[in-house]
file structure25.txt (compact mmCIF, N, CA and C atoms)
# COMPACT_ATOMS: atom_id res chain seq x y z
N GLU H 1 -33.34 10.46 -15.92
CA GLU H 1 -32.98 9.54 -14.87
C GLU H 1 -31.64 9.92 -14.27
N ASN H 2 -31.49 9.59 -13.05
CA ASN H 2 -30.26 9.88 -12.33
C ASN H 2 -29.62 8.56 -11.90
N HIS H 3 -28.51 8.19 -12.51
CA HIS H 3 -27.84 6.93 -12.21
C HIS H 3 -26.63 7.22 -11.33
N ILE H 4 -26.80 6.97 -10.05
CA ILE H 4 -25.76 7.27 -9.08
C ILE H 4 -24.51 6.43 -9.33
N SER H 5 -24.67 5.15 -9.66
CA SER H 5 -23.50 4.30 -9.87
C SER H 5 -22.68 4.78 -11.07
N ALA H 6 -23.33 5.22 -12.13
CA ALA H 6 -22.61 5.73 -13.30
C ALA H 6 -21.89 7.03 -12.95
N GLN H 7 -22.50 7.85 -12.13
CA GLN H 7 -21.85 9.09 -11.71
C GLN H 7 -20.64 8.81 -10.82
N LEU H 8 -20.74 7.80 -9.95
CA LEU H 8 -19.60 7.44 -9.10
C LEU H 8 -18.45 6.89 -9.92
N VAL H 9 -18.77 6.10 -10.95
CA VAL H 9 -17.72 5.59 -11.83
C VAL H 9 -17.05 6.76 -12.55
N LEU H 10 -17.84 7.71 -13.04
CA LEU H 10 -17.29 8.88 -13.72
C LEU H 10 -16.45 9.73 -12.78
N LEU H 11 -16.87 9.85 -11.53
CA LEU H 11 -16.08 10.57 -10.53
C LEU H 11 -14.74 9.88 -10.30
N GLY H 12 -14.75 8.56 -10.17
CA GLY H 12 -13.51 7.82 -9.99
C GLY H 12 -12.57 7.97 -11.18
N GLN H 13 -13.15 7.94 -12.39
CA GLN H 13 -12.33 8.12 -13.58
C GLN H 13 -11.73 9.52 -13.63
N SER H 14 -12.49 10.52 -13.21
CA SER H 14 -11.96 11.89 -13.22
C SER H 14 -10.88 12.06 -12.17
N VAL H 15 -10.99 11.38 -11.03
CA VAL H 15 -9.92 11.42 -10.02
C VAL H 15 -8.64 10.81 -10.59
N LEU H 16 -8.78 9.68 -11.29
CA LEU H 16 -7.61 9.05 -11.91
C LEU H 16 -7.00 9.95 -12.99
N LEU H 17 -7.84 10.61 -13.77
CA LEU H 17 -7.33 11.52 -14.79
C LEU H 17 -6.61 12.70 -14.14
N GLY H 18 -7.15 13.24 -13.07
CA GLY H 18 -6.49 14.34 -12.36
C GLY H 18 -5.14 13.92 -11.80
N ALA H 19 -5.07 12.71 -11.25
CA ALA H 19 -3.79 12.21 -10.73
C ALA H 19 -2.81 11.98 -11.88
N GLY H 20 -3.29 11.46 -12.99
CA GLY H 20 -2.42 11.25 -14.14
C GLY H 20 -1.87 12.54 -14.70
N LEU H 21 -2.71 13.56 -14.77
CA LEU H 21 -2.23 14.86 -15.24
C LEU H 21 -1.22 15.47 -14.27
N ALA H 22 -1.41 15.22 -12.98
CA ALA H 22 -0.43 15.70 -11.99
C ALA H 22 0.91 14.98 -12.15
N VAL H 23 0.87 13.69 -12.49
CA VAL H 23 2.10 12.95 -12.74
C VAL H 23 2.83 13.54 -13.93
N VAL H 24 2.10 13.84 -15.00
CA VAL H 24 2.72 14.44 -16.19
C VAL H 24 3.34 15.79 -15.85
N TYR H 25 2.62 16.60 -15.06
CA TYR H 25 3.17 17.90 -14.65
C TYR H 25 4.46 17.71 -13.85
N ASP H 26 4.46 16.72 -12.97
CA ASP H 26 5.64 16.46 -12.15
C ASP H 26 6.79 15.91 -12.98
N LEU H 27 6.49 15.20 -14.06
CA LEU H 27 7.54 14.72 -14.95
C LEU H 27 8.27 15.86 -15.63
N PHE H 28 7.56 16.96 -15.91
CA PHE H 28 8.18 18.11 -16.55
C PHE H 28 9.00 18.95 -15.57
N ARG H 29 8.89 18.71 -14.28
CA ARG H 29 9.58 19.51 -13.27
C ARG H 29 11.10 19.52 -13.44
N PRO H 30 11.75 18.35 -13.58
CA PRO H 30 13.21 18.38 -13.74
C PRO H 30 13.63 19.12 -15.02
N LEU H 31 12.82 19.02 -16.05
CA LEU H 31 13.15 19.73 -17.29
C LEU H 31 13.06 21.23 -17.10
N ARG H 32 12.05 21.68 -16.37
CA ARG H 32 11.91 23.11 -16.12
C ARG H 32 13.04 23.64 -15.24
N LEU H 33 13.49 22.83 -14.29
CA LEU H 33 14.57 23.26 -13.39
C LEU H 33 15.92 23.29 -14.09
N ARG H 34 16.15 22.37 -15.01
CA ARG H 34 17.44 22.32 -15.69
C ARG H 34 17.56 23.37 -16.79
N ARG H 35 16.49 23.71 -17.43
CA ARG H 35 16.49 24.69 -18.52
C ARG H 35 15.43 25.75 -18.25
N PRO H 36 15.72 26.72 -17.37
CA PRO H 36 14.70 27.71 -16.99
C PRO H 36 14.21 28.56 -18.16
N ARG H 37 15.03 28.73 -19.18
CA ARG H 37 14.60 29.54 -20.31
C ARG H 37 13.53 28.85 -21.14
N LEU H 38 13.41 27.53 -21.01
CA LEU H 38 12.42 26.77 -21.78
C LEU H 38 11.18 26.42 -20.96
N THR H 39 11.03 27.05 -19.80
CA THR H 39 9.88 26.76 -18.95
C THR H 39 8.58 27.03 -19.67
N TRP H 40 8.53 28.10 -20.44
CA TRP H 40 7.30 28.45 -21.17
C TRP H 40 6.91 27.33 -22.14
N MET H 41 7.90 26.67 -22.74
CA MET H 41 7.61 25.61 -23.69
C MET H 41 7.03 24.38 -22.98
N TRP H 42 7.65 24.00 -21.86
CA TRP H 42 7.16 22.83 -21.13
C TRP H 42 5.77 23.09 -20.55
N ASP H 43 5.55 24.30 -20.03
CA ASP H 43 4.23 24.64 -19.49
C ASP H 43 3.18 24.67 -20.60
N GLY H 44 3.54 25.20 -21.75
CA GLY H 44 2.61 25.22 -22.87
C GLY H 44 2.28 23.83 -23.36
N LEU H 45 3.30 22.96 -23.42
CA LEU H 45 3.07 21.57 -23.82
C LEU H 45 2.18 20.86 -22.82
N TYR H 46 2.41 21.12 -21.53
CA TYR H 46 1.55 20.51 -20.52
C TYR H 46 0.10 21.00 -20.64
N CYS H 47 -0.08 22.29 -20.83
CA CYS H 47 -1.44 22.84 -20.95
C CYS H 47 -2.17 22.25 -22.15
N LEU H 48 -1.48 22.12 -23.27
CA LEU H 48 -2.11 21.52 -24.44
C LEU H 48 -2.46 20.05 -24.20
N THR H 49 -1.55 19.33 -23.56
CA THR H 49 -1.80 17.93 -23.24
C THR H 49 -2.98 17.78 -22.29
N ALA H 50 -3.01 18.59 -21.24
CA ALA H 50 -4.09 18.52 -20.27
C ALA H 50 -5.42 18.91 -20.91
N LEU H 51 -5.42 19.94 -21.73
CA LEU H 51 -6.64 20.36 -22.41
C LEU H 51 -7.17 19.25 -23.31
N LEU H 52 -6.29 18.62 -24.07
CA LEU H 52 -6.71 17.54 -24.95
C LEU H 52 -7.25 16.35 -24.16
N CYS H 53 -6.58 15.99 -23.08
CA CYS H 53 -7.03 14.85 -22.26
C CYS H 53 -8.39 15.12 -21.63
N VAL H 54 -8.57 16.30 -21.08
CA VAL H 54 -9.86 16.62 -20.45
C VAL H 54 -10.96 16.71 -21.51
N PHE H 55 -10.65 17.30 -22.65
CA PHE H 55 -11.64 17.40 -23.73
C PHE H 55 -12.08 16.01 -24.19
N LEU H 56 -11.11 15.12 -24.44
CA LEU H 56 -11.47 13.77 -24.88
C LEU H 56 -12.20 13.00 -23.78
N PHE H 57 -11.81 13.21 -22.54
CA PHE H 57 -12.51 12.57 -21.42
C PHE H 57 -13.96 13.01 -21.37
N LEU H 58 -14.18 14.31 -21.52
CA LEU H 58 -15.55 14.82 -21.48
C LEU H 58 -16.37 14.30 -22.66
N LEU H 59 -15.76 14.20 -23.82
CA LEU H 59 -16.50 13.71 -24.98
C LEU H 59 -16.82 12.23 -24.88
N ARG H 60 -15.84 11.43 -24.49
CA ARG H 60 -16.02 9.98 -24.52
C ARG H 60 -16.68 9.43 -23.26
N CYS H 61 -16.27 9.87 -22.12
CA CYS H 61 -16.76 9.27 -20.88
C CYS H 61 -17.97 10.00 -20.32
N ALA H 62 -18.00 11.32 -20.46
CA ALA H 62 -19.08 12.10 -19.86
C ALA H 62 -20.15 12.51 -20.87
N ALA H 63 -20.11 11.94 -22.05
CA ALA H 63 -21.10 12.21 -23.10
C ALA H 63 -21.18 13.70 -23.45
N GLY H 64 -20.06 14.38 -23.36
CA GLY H 64 -20.00 15.78 -23.75
C GLY H 64 -20.56 16.76 -22.75
N THR H 65 -20.83 16.33 -21.54
CA THR H 65 -21.36 17.23 -20.52
C THR H 65 -20.33 17.46 -19.43
N LEU H 66 -20.19 18.70 -19.04
CA LEU H 66 -19.27 19.05 -17.96
C LEU H 66 -20.08 19.18 -16.68
N ARG H 67 -19.75 18.37 -15.71
CA ARG H 67 -20.43 18.38 -14.41
C ARG H 67 -19.45 18.86 -13.34
N LEU H 68 -20.00 19.43 -12.31
CA LEU H 68 -19.17 19.96 -11.23
C LEU H 68 -18.37 18.86 -10.56
N TYR H 69 -18.95 17.69 -10.39
CA TYR H 69 -18.22 16.62 -9.71
C TYR H 69 -17.05 16.12 -10.56
N ILE H 70 -17.09 16.31 -11.87
CA ILE H 70 -15.94 15.95 -12.70
C ILE H 70 -14.79 16.91 -12.43
N LEU H 71 -15.08 18.20 -12.36
CA LEU H 71 -14.03 19.17 -12.05
C LEU H 71 -13.46 18.94 -10.65
N LEU H 72 -14.33 18.63 -9.69
CA LEU H 72 -13.86 18.34 -8.34
C LEU H 72 -13.01 17.07 -8.32
N GLY H 73 -13.37 16.07 -9.12
CA GLY H 73 -12.58 14.85 -9.21
C GLY H 73 -11.21 15.10 -9.82
N LEU H 74 -11.16 15.93 -10.87
CA LEU H 74 -9.86 16.27 -11.48
C LEU H 74 -8.96 16.96 -10.47
N GLY H 75 -9.50 17.94 -9.77
CA GLY H 75 -8.72 18.65 -8.75
C GLY H 75 -8.34 17.75 -7.59
N GLY H 76 -9.27 16.90 -7.17
CA GLY H 76 -8.99 15.99 -6.07
C GLY H 76 -7.91 14.98 -6.40
N GLY H 77 -7.91 14.49 -7.63
CA GLY H 77 -6.86 13.56 -8.04
C GLY H 77 -5.49 14.21 -8.04
N ALA H 78 -5.44 15.46 -8.50
CA ALA H 78 -4.17 16.18 -8.51
C ALA H 78 -3.69 16.45 -7.08
N VAL H 79 -4.60 16.86 -6.21
CA VAL H 79 -4.24 17.11 -4.81
C VAL H 79 -3.78 15.82 -4.15
N PHE H 80 -4.47 14.72 -4.43
CA PHE H 80 -4.08 13.42 -3.89
C PHE H 80 -2.66 13.07 -4.28
N TYR H 81 -2.33 13.24 -5.55
CA TYR H 81 -0.97 12.92 -6.00
C TYR H 81 0.06 13.83 -5.33
N PHE H 82 -0.18 15.14 -5.37
CA PHE H 82 0.83 16.06 -4.85
C PHE H 82 0.99 15.95 -3.34
N CYS H 83 -0.04 15.59 -2.61
CA CYS H 83 0.07 15.49 -1.15
C CYS H 83 0.64 14.15 -0.69
N LEU H 84 0.29 13.06 -1.39
CA LEU H 84 0.67 11.74 -0.89
C LEU H 84 1.77 11.04 -1.68
N LEU H 85 1.78 11.19 -2.98
CA LEU H 85 2.68 10.38 -3.78
C LEU H 85 3.88 11.13 -4.35
N CYS H 86 3.78 12.43 -4.43
CA CYS H 86 4.81 13.23 -5.09
C CYS H 86 6.17 13.05 -4.42
N ALA H 87 6.22 13.07 -3.11
CA ALA H 87 7.50 12.95 -2.41
C ALA H 87 8.14 11.58 -2.62
N LEU H 88 7.32 10.57 -2.88
CA LEU H 88 7.85 9.23 -3.09
C LEU H 88 8.46 9.05 -4.48
N VAL H 89 7.87 9.66 -5.50
CA VAL H 89 8.33 9.42 -6.87
C VAL H 89 9.27 10.51 -7.39
N ARG H 90 9.34 11.63 -6.72
CA ARG H 90 10.21 12.72 -7.20
C ARG H 90 11.68 12.30 -7.32
N PRO H 91 12.25 11.54 -6.38
CA PRO H 91 13.64 11.09 -6.58
C PRO H 91 13.81 10.21 -7.83
N ILE H 92 12.78 9.45 -8.17
CA ILE H 92 12.85 8.63 -9.39
C ILE H 92 12.88 9.51 -10.62
N TRP H 93 12.02 10.55 -10.65
CA TRP H 93 12.01 11.48 -11.79
C TRP H 93 13.36 12.18 -11.91
N ASP H 94 13.91 12.60 -10.77
CA ASP H 94 15.21 13.28 -10.79
C ASP H 94 16.32 12.36 -11.30
N PHE H 95 16.28 11.10 -10.88
CA PHE H 95 17.28 10.14 -11.35
C PHE H 95 17.21 9.98 -12.86
N TRP H 96 16.02 9.81 -13.40
CA TRP H 96 15.90 9.62 -14.84
C TRP H 96 16.21 10.89 -15.62
N ALA H 97 15.92 12.04 -15.05
CA ALA H 97 16.30 13.29 -15.71
C ALA H 97 17.82 13.44 -15.73
N ASP H 98 18.49 13.09 -14.61
CA ASP H 98 19.96 13.14 -14.59
C ASP H 98 20.55 12.15 -15.60
N THR H 99 19.96 10.97 -15.69
CA THR H 99 20.44 9.97 -16.63
C THR H 99 20.26 10.45 -18.07
N ALA H 100 19.10 11.00 -18.39
CA ALA H 100 18.85 11.52 -19.74
C ALA H 100 19.80 12.67 -20.06
N ASP H 101 20.06 13.53 -19.08
CA ASP H 101 20.99 14.65 -19.29
C ASP H 101 22.41 14.12 -19.54
N TRP H 102 22.82 13.12 -18.81
CA TRP H 102 24.14 12.53 -18.99
C TRP H 102 24.26 11.89 -20.38
N ILE H 103 23.22 11.16 -20.81
CA ILE H 103 23.24 10.53 -22.13
C ILE H 103 23.27 11.59 -23.23
N ALA H 104 22.53 12.68 -23.06
CA ALA H 104 22.54 13.76 -24.05
C ALA H 104 23.92 14.39 -24.15
N GLN H 105 24.59 14.60 -23.01
CA GLN H 105 25.94 15.16 -23.04
C GLN H 105 26.92 14.20 -23.70
N LEU H 106 26.77 12.91 -23.43
CA LEU H 106 27.63 11.91 -24.04
C LEU H 106 27.42 11.88 -25.56
N LEU H 107 26.19 11.90 -26.01
CA LEU H 107 25.91 11.91 -27.45
C LEU H 107 26.43 13.18 -28.12
N ALA H 108 26.30 14.31 -27.43
CA ALA H 108 26.83 15.56 -27.99
C ALA H 108 28.35 15.49 -28.10
N LEU H 109 29.01 14.90 -27.11
CA LEU H 109 30.46 14.75 -27.16
C LEU H 109 30.87 13.83 -28.31
N LEU H 110 30.16 12.72 -28.48
CA LEU H 110 30.46 11.80 -29.58
C LEU H 110 30.22 12.44 -30.93
N TYR H 111 29.17 13.22 -31.04
CA TYR H 111 28.87 13.90 -32.30
C TYR H 111 29.95 14.94 -32.61
N ALA H 112 30.39 15.67 -31.59
CA ALA H 112 31.44 16.67 -31.79
C ALA H 112 32.74 16.02 -32.19
N GLU H 113 33.02 14.83 -31.65
CA GLU H 113 34.24 14.11 -31.97
C GLU H 113 34.21 13.61 -33.43
N GLN H 114 33.03 13.17 -33.88
CA GLN H 114 32.89 12.69 -35.25
C GLN H 114 32.98 13.83 -36.26
N SER H 115 32.49 14.99 -35.89
CA SER H 115 32.50 16.14 -36.80
C SER H 115 33.90 16.70 -36.99
N ALA H 116 34.72 16.53 -35.99
CA ALA H 116 36.09 17.09 -36.06
C ALA H 116 37.03 16.27 -36.88
call {"tool": "encode", "arguments": {"input": "structure25.txt", "output": "structure tokens"}}
result
Amino acid sequence: ENHISAQLVLLGQSVLLGAGLAVVYDLFRPLRLRRPRLTWMWDGLYCLTALLCVFLFLLRCAAGTLRLYILLGLGGGAVFYFCLLCALVRPIWDFWADTADWIAQLLALLYAEQSA
């Protein structure tokens, strides 16, 4: 049997997963820019995260079957995020990355002061 409504729900879920994975990739952007030598680590962590998410999605939601419309939904969700939403949230990511960097420097300074 071919259940169109179930396939449309699965397509919508895959679009949301693609957009979510694009958000995670964009979250790693400030980290990659601040520490270029660790880019390989952040990219590897993202790839493992994305692989695990897609694998679990296919097992739980798609009953272990990979369909073309799922791949198109994943790509479409990522394109949707990067074309429409990325410019709006990127300043927020940069602000929080600057804040985290400032807190890390402050903690390192406090730790160095205690050690001396």
call {"tool": "residues_around", "arguments": {"input": "structure25.txt", "residues": "H:Tyr69", "least_positions_apart": "2", "cutoff": "8 Å", "atoms": "only N, CA and C atoms", "output": "ChimeraX atom specification"}}
result
/H:10-12,14-15,66-67,71-75
call {"tool": "atom_distance", "arguments": {"input": "structure25.txt", "atom1": "atom C of H:Asp94", "atom2": "atom C of H:Leu27"}}
result
9.8 Å
call {"tool": "atom_distance", "arguments": {"input": "structure25.txt", "atom1": "atom C of H:Ser5", "atom2": "atom C of H:Leu58"}}
result
16.3 Å
call {"tool": "residues_around", "arguments": {"input": "structure25.txt", "residues": "H:Tyr81", "least_positions_apart": "3", "cutoff": "8 Å", "atoms": "only N, CA and C atoms", "output": "number ranges by chain"}}
result
H: 18-20, 22-23, 75-78, 84-87
call {"tool": "atom_distance", "arguments": {"input": "structure25.txt", "atom1": "atom CA of H:Leu51", "atom2": "atom CA of H:Val89"}}
result
24.2 Å
